[in-house]
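Below is input_37.txt, holding compact mmCIF, C-alpha atoms and all ligand atoms.
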# COMPACT_ATOMS: atom_id res chain seq x y z
CA MET K 1 14.59 12.72 13.84
CA GLN K 2 14.30 11.69 17.48
CA ARG K 3 14.90 8.03 18.17
CA PHE K 4 13.21 5.84 20.78
CA GLU K 5 13.26 2.20 21.70
CA ASN K 6 9.49 1.87 21.39
CA ALA K 7 6.33 3.93 21.11
CA ARG K 8 5.75 3.88 24.84
CA ALA K 9 9.10 5.59 25.45
CA ALA K 10 8.26 8.16 22.76
CA ALA K 11 4.84 8.88 24.25
CA HIS K 12 6.19 9.23 27.78
CA GLU K 13 9.00 11.54 26.68
CA LEU K 14 7.09 13.70 24.19
CA ARG K 15 3.60 13.50 25.72
CA PRO K 16 2.29 14.24 22.22
CA ASP K 17 -1.08 15.87 21.66
CA ASP K 18 -0.75 15.46 17.89
CA PRO K 19 -0.49 12.06 16.18
CA VAL K 20 3.07 10.70 15.91
CA TYR K 21 4.26 8.33 13.20
CA CYS K 22 6.77 5.80 14.55
CA PHE K 23 9.04 4.82 11.68
CA ARG K 24 11.04 1.58 11.86
CA PRO K 25 13.69 1.68 9.13
CA ALA K 26 15.12 -1.71 10.12
CA VAL K 27 11.71 -3.36 9.73
CA LEU K 28 11.19 -1.66 6.37
CA LYS K 29 14.53 -2.93 5.09
CA GLU K 30 13.85 -6.41 6.41
CA ASP K 31 10.41 -6.69 4.79
CA CYS K 32 11.71 -5.20 1.56
CA ARG K 33 14.67 -7.57 1.33
CA ARG K 34 12.48 -10.52 2.22
CA PHE K 35 10.18 -9.70 -0.70
CA MET K 36 13.05 -9.18 -3.11
CA GLU K 37 14.54 -12.54 -2.14
CA MET K 38 11.25 -14.33 -2.70
CA PHE K 39 10.22 -12.72 -5.98
CA PRO K 40 12.02 -14.07 -9.06
CA GLY K 41 12.24 -10.73 -10.88
CA LYS K 42 12.50 -6.98 -10.44
CA THR K 43 10.81 -5.35 -7.45
CA ALA K 44 9.27 -1.96 -8.26
CA TYR K 45 7.91 -0.42 -5.07
CA ALA K 46 4.46 1.17 -5.54
CA VAL K 47 5.07 4.76 -4.41
CA LYS K 48 1.40 5.56 -3.76
CA THR K 49 1.36 3.19 -0.77
CA ASN K 50 3.64 5.50 1.20
CA GLY K 51 5.70 8.05 -0.72
CA GLU K 52 7.44 9.79 2.18
CA THR K 53 11.03 10.73 1.37
CA LEU K 54 12.31 8.79 4.38
CA VAL K 55 10.57 5.65 3.10
CA LEU K 56 11.88 5.98 -0.46
CA LYS K 57 15.39 6.73 0.80
CA THR K 58 15.38 3.69 3.08
CA LEU K 59 14.16 1.48 0.23
CA VAL K 60 17.00 2.68 -2.00
CA GLU K 61 19.39 1.80 0.83
CA ALA K 62 17.77 -1.64 1.00
CA GLY K 63 18.56 -2.17 -2.68
CA VAL K 64 15.38 -1.14 -4.49
CA THR K 65 16.26 0.19 -7.94
CA ALA K 66 12.80 0.50 -9.50
CA PHE K 67 9.61 2.30 -8.53
CA ASP K 68 6.03 2.12 -9.75
CA VAL K 69 4.90 5.74 -10.20
CA ALA K 70 1.63 7.32 -11.29
CA SER K 71 1.97 11.12 -11.26
CA PRO K 72 4.43 14.03 -11.61
CA GLY K 73 4.53 14.29 -7.81
CA GLU K 74 5.70 10.68 -7.61
CA PHE K 75 8.28 11.12 -10.43
CA GLU K 76 9.78 13.97 -8.44
CA ALA K 77 9.68 12.14 -5.11
CA VAL K 78 11.66 9.25 -6.60
CA ARG K 79 14.15 11.52 -8.40
CA GLU K 80 14.77 13.33 -5.14
CA VAL K 81 16.06 10.18 -3.46
CA SER K 82 17.79 8.59 -6.42
CA PRO K 83 19.13 10.13 -9.64
CA ASP K 84 19.19 6.80 -11.45
CA ALA K 85 16.33 4.69 -10.09
CA GLU K 86 14.17 3.27 -12.85
CA MET K 87 10.56 4.44 -12.91
CA LEU K 88 7.68 2.42 -14.30
CA TYR K 89 4.73 4.61 -15.17
CA MET K 90 2.01 2.05 -14.54
CA HIS K 91 -1.11 4.19 -14.38
CA PRO K 92 -3.26 3.12 -17.36
CA VAL K 93 -5.06 6.49 -17.74
CA LYS K 94 -2.73 9.47 -17.91
CA ALA K 95 -2.79 13.15 -18.86
CA GLN K 96 -0.93 13.69 -22.12
CA SER K 97 1.15 16.47 -20.52
CA HIS K 98 2.19 14.02 -17.79
CA ILE K 99 3.24 11.45 -20.40
CA ARG K 100 5.37 14.12 -22.02
CA LEU K 101 6.94 15.08 -18.70
CA ALA K 102 7.64 11.41 -17.95
CA LEU K 103 9.39 10.76 -21.25
CA GLU K 104 11.13 14.11 -21.67
CA LYS K 105 12.17 15.22 -18.21
CA TYR K 106 12.33 11.98 -16.23
CA GLY K 107 13.53 9.62 -18.96
CA ILE K 108 10.77 7.11 -18.21
CA ARG K 109 10.65 4.32 -20.80
CA VAL K 110 8.18 1.86 -19.24
CA ILE K 111 4.51 2.70 -19.33
CA SER K 112 1.17 0.89 -19.11
CA ILE K 113 -2.05 1.27 -21.11
CA ASP K 114 -5.44 -0.45 -21.26
CA HIS K 115 -7.13 1.40 -24.15
CA GLU K 116 -6.38 2.54 -27.70
CA ASP K 117 -6.83 6.24 -26.80
CA GLU K 118 -3.90 5.91 -24.42
CA ILE K 119 -1.76 4.55 -27.27
CA THR K 120 -2.78 7.58 -29.35
CA LYS K 121 -1.69 9.96 -26.57
CA LEU K 122 1.58 8.12 -26.07
CA THR K 123 2.41 8.01 -29.76
CA ARG K 124 1.70 11.72 -30.17
CA VAL K 125 4.28 12.46 -27.46
CA VAL K 126 6.77 9.91 -28.80
CA ARG K 127 6.59 11.48 -32.29
CA ALA K 128 6.80 15.04 -30.93
CA LEU K 129 9.93 14.17 -28.95
CA ASP K 130 11.37 12.11 -31.83
CA ILE K 131 11.87 9.02 -29.64
CA ASP K 132 12.26 5.60 -31.27
CA PRO K 133 9.20 3.59 -30.09
CA GLY K 134 11.57 0.60 -29.87
CA GLN K 135 13.09 2.20 -26.77
CA ILE K 136 9.78 2.11 -24.95
CA THR K 137 8.20 -0.90 -23.27
CA VAL K 138 4.44 -0.65 -23.12
CA PHE K 139 2.70 -3.00 -20.72
CA VAL K 140 -0.87 -3.84 -21.68
CA ARG K 141 -2.90 -4.07 -18.52
CA ILE K 142 -5.14 -7.10 -18.49
CA GLN K 143 -8.37 -7.17 -16.57
CA THR K 144 -8.40 -9.74 -13.79
CA LYS K 145 -11.12 -11.22 -11.68
CA GLY K 146 -9.77 -11.69 -8.23
CA SER K 147 -10.67 -11.64 -4.65
CA ALA K 148 -8.92 -8.86 -2.82
CA ALA K 149 -9.98 -6.64 0.03
CA TYR K 150 -9.66 -3.75 -2.40
CA GLU K 151 -10.80 -4.80 -5.85
CA LEU K 152 -9.38 -2.78 -8.73
CA SER K 153 -10.20 -4.73 -11.86
CA LYS K 154 -13.51 -2.93 -12.18
CA LYS K 155 -11.69 0.30 -12.85
CA PHE K 156 -8.75 -0.71 -15.05
CA GLY K 157 -7.72 -3.40 -17.45
CA ALA K 158 -8.52 -4.61 -20.96
CA GLY K 159 -10.44 -7.83 -21.49
CA PRO K 160 -8.20 -10.58 -22.90
CA ALA K 161 -9.39 -10.31 -26.53
CA TYR K 162 -9.03 -6.53 -26.51
CA ALA K 163 -5.60 -6.90 -24.89
CA VAL K 164 -4.54 -8.97 -27.92
CA GLU K 165 -5.75 -6.22 -30.24
CA LEU K 166 -3.93 -3.51 -28.26
CA SER K 167 -0.73 -5.58 -28.18
CA GLU K 168 -0.80 -6.06 -31.96
CA ARG K 169 -1.33 -2.35 -32.51
CA LEU K 170 1.59 -1.46 -30.21
CA ASN K 171 3.82 -3.97 -31.93
CA ARG K 172 2.98 -2.56 -35.37
CA THR K 173 4.00 0.93 -34.17
CA GLY K 174 7.33 -0.47 -33.03
CA TYR K 175 6.96 -0.51 -29.26
CA LYS K 176 8.20 -3.38 -27.14
CA VAL K 177 5.15 -4.99 -25.58
CA GLY K 178 4.73 -6.53 -22.15
CA LEU K 179 1.71 -7.72 -20.22
CA CYS K 180 0.70 -6.61 -16.76
CA PHE K 181 -2.10 -6.92 -14.26
CA HIS K 182 -2.86 -5.69 -10.78
CA VAL K 183 -5.15 -7.95 -8.84
CA GLY K 184 -6.16 -5.36 -6.21
CA SER K 185 -4.78 -4.83 -2.75
CA GLN K 186 -4.47 -7.33 0.11
CA ILE K 187 -5.55 -10.45 -1.76
CA GLU K 188 -7.86 -12.77 0.14
CA ASP K 189 -7.74 -15.75 -2.19
CA PRO K 190 -4.45 -17.53 -2.93
CA ASP K 191 -5.71 -18.51 -6.43
CA THR K 192 -5.84 -14.86 -7.51
CA TYR K 193 -2.42 -14.74 -9.16
CA GLU K 194 -2.91 -18.02 -10.92
CA ARG K 195 -6.11 -16.83 -12.54
CA ALA K 196 -4.38 -13.64 -13.67
CA LEU K 197 -1.44 -15.63 -15.05
CA ALA K 198 -3.88 -17.80 -17.00
CA SER K 199 -5.34 -14.66 -18.63
CA ALA K 200 -1.86 -13.37 -19.45
CA ASP K 201 -1.03 -16.76 -20.94
CA TRP K 202 -4.18 -16.66 -23.08
CA VAL K 203 -3.17 -13.26 -24.47
CA ARG K 204 0.45 -14.25 -25.04
CA ASN K 205 -0.59 -17.33 -27.02
CA ARG K 206 -2.68 -15.24 -29.38
CA VAL K 207 -0.30 -12.44 -30.28
CA SER K 208 1.86 -12.78 -33.39
CA PHE K 209 5.14 -11.68 -31.76
CA ASP K 210 7.16 -12.23 -28.57
CA ILE K 211 6.06 -10.51 -25.37
CA VAL K 212 9.07 -8.88 -23.67
CA GLY K 213 8.01 -9.09 -20.05
CA LEU K 214 5.36 -9.75 -17.45
CA ASP K 215 4.45 -7.47 -14.55
CA VAL K 216 2.37 -9.18 -11.86
CA GLY K 217 1.47 -5.95 -10.04
CA GLY K 218 0.87 -5.71 -6.30
CA GLY K 219 -1.74 -7.11 -3.96
CA PHE K 220 0.56 -9.19 -1.76
CA PRO K 221 -1.05 -9.33 1.68
CA ALA K 222 0.47 -7.65 4.71
CA GLU K 223 0.09 -8.96 8.23
CA TYR K 224 -2.50 -7.26 10.34
CA GLY K 225 -4.12 -8.00 13.68
CA GLN K 226 -6.40 -10.86 14.50
CA ASP K 227 -9.65 -10.72 16.39
CA PRO K 228 -9.06 -13.53 18.94
CA ARG K 229 -12.77 -14.34 19.15
CA LYS K 230 -12.83 -15.19 15.47
CA ARG K 231 -11.42 -18.09 13.58
CA LYS K 232 -8.27 -17.12 11.74
CA PRO K 233 -9.03 -17.03 8.00
CA ASP K 234 -7.41 -19.81 6.00
CA MET K 235 -4.81 -17.76 4.23
CA PRO K 236 -1.39 -19.14 3.36
CA SER K 237 1.69 -17.26 4.56
CA LEU K 238 3.43 -14.78 2.31
CA GLY K 239 6.20 -17.32 1.78
CA GLN K 240 3.67 -19.89 0.59
CA ILE K 241 1.95 -17.38 -1.69
CA MET K 242 5.28 -16.37 -3.20
CA SER K 243 6.50 -19.90 -3.77
CA ARG K 244 3.19 -20.80 -5.37
CA LEU K 245 3.42 -17.70 -7.59
CA SER K 246 6.96 -18.64 -8.63
CA GLY K 247 5.77 -22.16 -9.41
CA ASP K 248 2.84 -20.90 -11.47
CA ILE K 249 5.10 -18.49 -13.34
CA ARG K 250 7.30 -21.43 -14.29
CA GLU K 251 4.35 -23.60 -15.19
CA TYR K 252 2.99 -20.99 -17.58
CA GLY K 253 6.46 -20.50 -19.02
CA PHE K 254 6.80 -16.87 -18.01
CA HIS K 255 10.03 -17.51 -16.11
CA GLU K 256 12.11 -17.04 -19.25
CA MET K 257 11.14 -13.41 -19.67
CA PRO K 258 11.89 -10.42 -17.42
CA LEU K 259 9.45 -10.28 -14.53
CA VAL K 260 8.35 -7.32 -12.45
CA ALA K 261 6.28 -7.01 -9.26
CA GLU K 262 4.87 -3.80 -7.84
CA PRO K 263 4.44 -4.49 -4.13
CA GLY K 264 3.32 -1.71 -1.81
CA ARG K 265 1.42 -2.74 1.29
CA VAL K 266 3.43 -5.90 1.99
CA ILE K 267 6.66 -3.91 2.10
CA VAL K 268 5.69 -0.87 4.13
CA ALA K 269 2.77 -1.87 6.41
CA ARG K 270 4.86 -3.09 9.32
CA ALA K 271 7.34 -0.22 9.14
CA PHE K 272 5.09 2.29 10.89
CA SER K 273 2.89 2.49 13.91
CA LEU K 274 0.91 5.51 14.97
CA ILE K 275 0.55 7.06 18.41
CA VAL K 276 -2.79 8.77 18.86
CA ARG K 277 -4.10 10.42 22.01
CA VAL K 278 -7.47 10.00 23.61
CA LEU K 279 -8.74 13.58 23.78
CA MET K 280 -11.93 12.52 25.50
CA ARG K 281 -13.57 9.41 26.78
CA LYS K 282 -17.35 9.54 26.91
CA GLY K 283 -18.62 6.21 28.14
CA ARG K 284 -17.74 3.68 25.47
CA ARG K 285 -16.73 6.35 23.00
CA LEU K 286 -13.14 7.53 22.50
CA TYR K 287 -12.42 10.83 20.75
CA ILE K 288 -8.91 10.68 19.32
CA ASN K 289 -6.67 13.21 17.56
CA ASP K 290 -6.60 11.33 14.23
CA GLY K 291 -9.32 9.84 12.05
CA ILE K 292 -10.61 9.00 8.60
CA TRP K 293 -9.39 12.29 7.08
CA ALA K 294 -5.86 11.72 8.39
CA SER K 295 -4.12 8.37 8.95
CA LEU K 296 -7.09 6.07 9.41
CA SER K 297 -9.04 6.15 6.16
CA ASP K 298 -7.89 2.65 5.18
CA SER K 299 -9.12 1.21 8.47
CA TRP K 300 -12.35 3.14 8.12
CA THR K 301 -13.31 0.90 5.22
CA GLY K 302 -13.29 -1.87 7.81
CA LYS K 303 -11.43 -4.35 5.66
CA ILE K 304 -8.31 -4.69 7.75
CA THR K 305 -7.91 -5.45 11.43
CA LEU K 306 -5.32 -3.16 12.91
CA PRO K 307 -3.48 -4.31 16.03
CA ALA K 308 -3.41 -1.78 18.85
CA ARG K 309 -2.32 -1.31 22.43
CA ILE K 310 -2.89 1.28 25.09
CA ILE K 311 -0.06 3.45 26.37
CA PRO K 312 -1.42 4.60 29.72
CA ASP K 313 -0.62 8.15 30.77
CA PRO K 314 1.42 7.73 33.98
CA ALA K 315 0.01 11.04 35.20
CA ILE K 316 -3.42 9.41 35.64
CA ARG K 317 -3.36 8.22 39.25
CA SER K 318 -6.66 6.45 39.60
CA ARG K 319 -8.63 4.36 37.15
CA ASN K 320 -11.90 2.52 37.05
CA GLY K 321 -12.21 -1.09 36.04
CA ASP K 322 -9.83 -3.93 35.34
CA SER K 323 -7.01 -3.41 32.83
CA ALA K 324 -7.24 -7.09 31.82
CA ASN K 325 -10.81 -6.61 30.66
CA ILE K 326 -10.80 -5.78 26.94
CA VAL K 327 -13.97 -4.10 25.72
CA PRO K 328 -15.10 -2.43 22.48
CA PHE K 329 -14.98 1.33 22.05
CA LYS K 330 -16.42 3.43 19.28
CA VAL K 331 -13.60 5.63 17.96
CA CYS K 332 -14.40 9.18 16.86
CA GLY K 333 -11.94 11.20 14.77
CA ALA K 334 -10.45 14.64 15.29
CA THR K 335 -12.51 16.67 12.82
CA CYS K 336 -15.93 18.24 13.35
CA ASP K 337 -17.32 16.10 10.55
CA SER K 338 -19.92 13.61 11.73
CA VAL K 339 -18.77 10.89 9.30
CA ASP K 340 -15.34 10.96 10.96
CA ILE K 341 -16.04 7.88 13.08
CA LEU K 342 -14.24 4.60 12.50
CA SER K 343 -16.62 2.04 11.10
CA ARG K 344 -15.36 -0.68 13.43
CA PRO K 345 -14.78 -0.56 17.17
CA PHE K 346 -11.38 -0.74 18.80
CA TRP K 347 -11.10 -3.30 21.57
CA LEU K 348 -9.04 -1.89 24.41
CA PRO K 349 -8.68 -2.26 28.18
CA GLU K 350 -11.75 -0.86 29.94
CA THR K 351 -9.46 1.34 32.06
CA ILE K 352 -8.51 3.59 29.13
CA ASP K 353 -9.23 7.26 29.81
CA THR K 354 -8.89 10.83 28.59
CA GLY K 355 -5.18 11.57 28.15
CA ASP K 356 -4.01 8.03 27.41
CA TRP K 357 -2.36 7.15 24.12
CA ILE K 358 -3.10 4.29 21.75
CA GLU K 359 -0.41 2.78 19.57
CA ILE K 360 -1.89 1.43 16.34
CA GLY K 361 0.45 -1.01 14.61
CA ASN K 362 1.20 -2.06 11.02
CA ILE K 363 -0.13 1.18 9.63
CA GLY K 364 2.60 2.08 7.12
CA ALA K 365 0.46 1.45 4.03
CA TYR K 366 -2.30 3.75 2.76
CA SER K 367 -2.33 5.74 5.98
CA LEU K 368 -0.25 8.89 6.00
CA SER K 369 -0.19 8.91 2.18
CA LEU K 370 -3.95 9.51 2.31
CA ARG K 371 -4.02 12.21 4.98
CA THR K 372 -5.72 15.50 4.21
CA ARG K 373 -5.65 19.03 5.64
CA PHE K 374 -9.37 18.87 6.32
CA ASN K 375 -10.43 21.08 9.20
CA GLY K 376 -6.83 22.25 9.69
CA PHE K 377 -5.55 18.94 11.05
CA TYR K 378 -2.48 17.54 9.32
CA PRO K 379 -0.39 15.07 11.33
CA ASP K 380 3.25 15.40 10.34
CA THR K 381 5.38 14.35 13.32
CA PHE K 382 7.80 11.47 12.81
CA VAL K 383 10.06 9.65 15.23
CA GLU K 384 12.30 6.68 14.69
CA VAL K 385 11.61 3.55 16.72
CA THR K 386 14.13 0.73 17.01
CA THR K 387 11.99 -2.24 18.07
CA PRO K 388 9.27 -3.85 15.94
CA PHE K 389 5.67 -3.21 16.98
CA GLU K 390 5.17 -6.85 18.05
CA GLU K 391 8.01 -6.53 20.55
CA GLY K 392 6.72 -3.35 22.18
CA GLY K 393 4.49 -5.20 24.66
CA ALA K 394 1.33 -7.26 24.49
CA VAL K 395 -1.11 -6.38 21.75
CA GLU K 396 -4.21 -5.81 23.80
CA GLY K 397 -6.61 -4.48 21.30
CA PHE K 398 -7.51 -4.41 17.68
CA ALA K 399 -9.95 -2.79 15.34
CA SER K 400 -12.54 -5.48 15.12
CA LEU K 401 -14.36 -6.46 12.00
CA GLU K 402 -17.64 -6.37 13.83
CA THR K 403 -19.79 -3.29 13.84
CA MET K 404 -20.97 -1.83 17.11
CA ALA K 405 -24.29 -0.33 18.07
CA ASP K 406 -24.27 3.21 19.49
C1 LIG T 501 -1.63 0.37 -5.79
C2 LIG T 501 -0.90 -0.37 -6.81
C3 LIG T 501 0.10 -1.29 -6.46
C4 LIG T 501 0.42 -1.64 -5.02
O1 LIG T 501 -0.55 -2.48 -4.49
P1 LIG T 501 -0.35 -3.20 -3.05
O2 LIG T 501 -1.60 -3.96 -2.87
O3 LIG T 501 -0.16 -2.13 -2.04
O4 LIG T 501 0.81 -4.09 -3.17
C5 LIG T 501 0.77 -1.91 -7.46
N1 LIG T 501 0.51 -1.67 -8.77
C6 LIG T 501 -0.45 -0.79 -9.15
C7 LIG T 501 -0.69 -0.56 -10.58
C8 LIG T 501 -1.20 -0.12 -8.19
O5 LIG T 501 -2.16 0.72 -8.57

In structure tokens, what does this structure look like?
Ligand SMILES: *Cc1c(COP(=O)(O)O)cnc(C)c1O
Amino acid sequence: MQRFENARAAAHELRPDDPVYCFRPAVLKEDCRRFMEMFPGKTAYAVKTNGETLVLKTLVEAGVTAFDVASPGEFEAVREVSPDAEMLYMHPVKAQSHIRLALEKYGIRVISIDHEDEITKLTRVVRALDIDPGQITVFVRIQTKGSAAYELSKKFGAGPAYAVELSERLNRTGYKVGLCFHVGSQIEDPDTYERALASADWVRNRVSFDIVGLDVGGGFPAEYGQDPRKRKPDMPSLGQIMSRLSGDIREYGFHEMPLVAEPGRVIVARAFSLIVRVLMRKGRRLYINDGIWASLSDSWTGKITLPARIIPDPAIRSRNGDSANIVPFKVCGATCDSVDILSRPFWLPETIDTGDWIEIGNIGAYSLSLRTRFNGFYPDTFVEVTTPFEEGGAVEGFASLETMAD
């Protein structure tokens, strides 16, 4: 992989017409180690956030020994980078053939469920393979009510009373039983984990046996950009969130059992930026070579504010306007699909023009893992970059949270 000091150097050297992912392995290791130091248990990286081999490999180098996986593709991706990493199969609704593959081929022994039918599937496989249920830890996923940018409790999770029933049933069959939750992604309310811990505590106090572990899921917020015209939301820092979580874990008495977290976004967001090219400027509209069907579907939902900066094409000799004047542009994606328009404007210098590049920062999570081959576009160019995004020059623009009229 080619290596550059920053995205600007990469853009000037490569003059890329296709999107380029700028990977920062040092940043990834730093954010990963920082999380592992702060969390008082096992860190299982959520592979769906960004499952590229280079990411998984770098995480193994950083000391990650466990991964949260959800599909045969993810089992294989983890096995490819590490023959002995532990895998936690934390998808509550699975195909029976995938459960079999997990137990038989990949040796997975940690699994989550939120319904009795899933226990039936699991037990069928366990019996067929003649595995002692006592070797398997089943985490019962508890429904949580949180406040996250991406709410997930509507889709998965057993209500507390039903979770008690499921736990008892698992215990009777001989499984080891843990409790887990996943509060959604990019939490927006620091009380979210405490509420989930209270539910887990309620369940634990009503089961007739000892719970073997607690998995607090993901949801830890990553840093994004900030619209300078808006008041910064009152959100504690990651360090504060983590120390409060540790305190709450102790308060509820969960600190004496094995703990697991499944962070994704918070570990990988800062490790990538993306260089896109302006294929056309039409007034206040920019047509770029990426979009909602490639790396920008997460931003399309408009829930995160991505930091961005222009990388001017040095070949453009004359420009109109003042480069210090930051104005909103509607950003149109690469495909011929008319919905491929970002829902929020990007604020950039008014001098930006056809042929310039834009570096979009902190885009390592839920970006390239969600890209499609729609319309024949599939960005797949990676370079290594040695300086963090924040140090690559002033952040001039950002995807605003405000909508823009045509
Ligand atoms: C997606 C997911 C995660 C990771 O969530 P982040 O918000 O990216 O940390 C963790 N656990 C489960 C079960 C998930 O589905």

If you measure from atom CA of K:Ala308 to atom CA of K:Ile358, what distance in Å do you get, rounded to one decimal?
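According to the coordinates, atom CA of K:Ala308 and atom CA of K:Ile358 are separated by 6.7 Å.
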
Under the rule of at most 6 Å, produce a per-residue listing of chain K near ligand LIG 501 (chain T): chain, number, name, the closest pair of atoms, and the distance in Å, as JSON lines, using all atoms listed in the file.
{"residue": "K:Ala46", "atom": "CA", "partner": "T:LIG501", "partner_atom": "C4", "distance": 4.9}
{"residue": "K:Thr49", "atom": "CA", "partner": "T:LIG501", "partner_atom": "O3", "distance": 5.7}
{"residue": "K:Met90", "atom": "CA", "partner": "T:LIG501", "partner_atom": "C7", "distance": 5.5}
{"residue": "K:His182", "atom": "CA", "partner": "T:LIG501", "partner_atom": "C7", "distance": 5.6}
{"residue": "K:Gly184", "atom": "CA", "partner": "T:LIG501", "partner_atom": "O2", "distance": 5.8}
{"residue": "K:Ser185", "atom": "CA", "partner": "T:LIG501", "partner_atom": "O2", "distance": 3.3}
{"residue": "K:Gln186", "atom": "CA", "partner": "T:LIG501", "partner_atom": "O2", "distance": 5.3}
{"residue": "K:Gly217", "atom": "CA", "partner": "T:LIG501", "partner_atom": "N1", "distance": 4.6}
{"residue": "K:Gly218", "atom": "CA", "partner": "T:LIG501", "partner_atom": "O4", "distance": 3.5}
{"residue": "K:Gly219", "atom": "CA", "partner": "T:LIG501", "partner_atom": "O2", "distance": 3.3}
{"residue": "K:Phe220", "atom": "CA", "partner": "T:LIG501", "partner_atom": "O4", "distance": 5.3}
{"residue": "K:Glu262", "atom": "CA", "partner": "T:LIG501", "partner_atom": "C5", "distance": 4.5}
{"residue": "K:Pro263", "atom": "CA", "partner": "T:LIG501", "partner_atom": "O4", "distance": 3.8}
{"residue": "K:Gly264", "atom": "CA", "partner": "T:LIG501", "partner_atom": "O3", "distance": 3.5}
{"residue": "K:Arg265", "atom": "CA", "partner": "T:LIG501", "partner_atom": "O3", "distance": 3.7}

Report as a ChimeraX atom specification all protein, DNA and RNA residues lying within 12 Å of K:Thr173, evaluated on only C-alpha atoms, omitting residues in the same chain fewer than 5 positions from it.
/K:119-120,122-124,126-127,132-138,166-168

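Atom pair atom CA of K:Leu238 / atom CA of K:Ser199 has a distance of 22.7 Å (rounded to one decimal).
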
Of the residues K:Ile326, K:Val266, K:Ile187, K:Cys332, which is the one nearest to K:Met36, using all atoms listed in the file?
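Result for the nearest residue to K:Met36: K:Val266.
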
Return the single residue from K:Asp189, K:Val78, K:Glu37, K:Ser71 that is closest to K:Ser97, with distances computed using only C-alpha atoms.
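Between K:Asp189, K:Val78, K:Glu37, K:Ser71, the residue approaching K:Ser97 most closely is K:Ser71.
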
Rank nothing, just name the residue among K:Tyr193, K:Tyr378, K:Trp202, K:Phe139 nearest to K:Pro160, using only C-alpha atoms.
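Among the listed residues, K:Trp202 lies closest to K:Pro160.
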
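Proximity of K:Val69, K:Leu197, K:Leu274, K:Ile142 to K:Arg250, computed with all atoms listed in the file, is greatest for K:Leu197.
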
Kindly give the distance, in Å, that separates atom CA of K:Asp215 and atom CA of K:Leu129, rounded to a single decimal.
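It comes out at 26.6 Å.
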
So, with only C-alpha atoms as the atoms that count, which of K:Glu74, K:Asp380, K:Asp356, K:Glu188 lies closest to K:Met280?
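Counting only C-alpha atoms, the residue closest to K:Met280 is K:Asp356.
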
Is there a way to get, as a list of chain:residue names, all residues within 8 Å of the point (3.8, 0.0, 14.3) in file coordinates, counting all atoms listed in the file?
K:Cys22, K:Phe23, K:Arg24, K:Arg270, K:Ala271, K:Phe272, K:Ser273, K:Leu274, K:Glu359, K:Ile360, K:Gly361, K:Asn362, K:Ile363, K:Gly364, K:Pro388, K:Phe389, K:Glu390

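With only C-alpha atoms as the atoms that count, the residue of K:Lys42, K:Lys145, K:Lys176, K:Lys154 with the shortest distance to K:Glu194 is K:Lys145.
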
Do you know which residues are at most 12 Å from K:Glu5 counting all atoms listed in the file, after dropping those on the same chain fewer than 5 positions away, and could you put them as a ChimeraX atom specification?
/K:10-13,22-24,383-389,391-393

Could you pull the residues within 9 Å of K:Tyr287, counting only C-alpha atoms, minus those fewer than 5 positions along the same chain, as a ChimeraX atom specification?
/K:277-282,330-334,341,354

List as a list in words the protein and nucleic acid residues near K:Arg169, meaning an atom at most 10 Å away when all atoms listed in the file are counted, but skip any in the same chain fewer than 6 places from it.
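Everything that qualifies: Glu116, Ile119, Ala163, Tyr175 and Val177 of chain K.
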
Centre, x/y/z edge lengths, axis-aligned box for stretch 244-263 of chain K with 4 Å per side, as AutoDock Vina command-line options:
--center_x 7.5 --center_y -13.7 --center_z -11.9 --size_x 17.3 --size_y 27.8 --size_z 23.5

Please provide as JSON, numbers by chain all residues within 6 Å of K:Ala85, with the sequence filter that same-chain residues fewer than 3 positions apart are discarded (counting only C-alpha atoms).
{"K": [65, 66, 82]}

Would you list the residues near (8.7, -11.1, -23.8), meaning any protein, DNA or RNA residue with an atom at most 9 Å from that point in file coordinates, counting only C-alpha atoms, as a list in words?
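Nearby residues: Lys176, Val177, Gly178, Leu179, Arg204, Phe209, Asp210, Ile211, Val212, Gly213, Leu214, Phe254, Glu256, Met257 and Pro258 of chain K.
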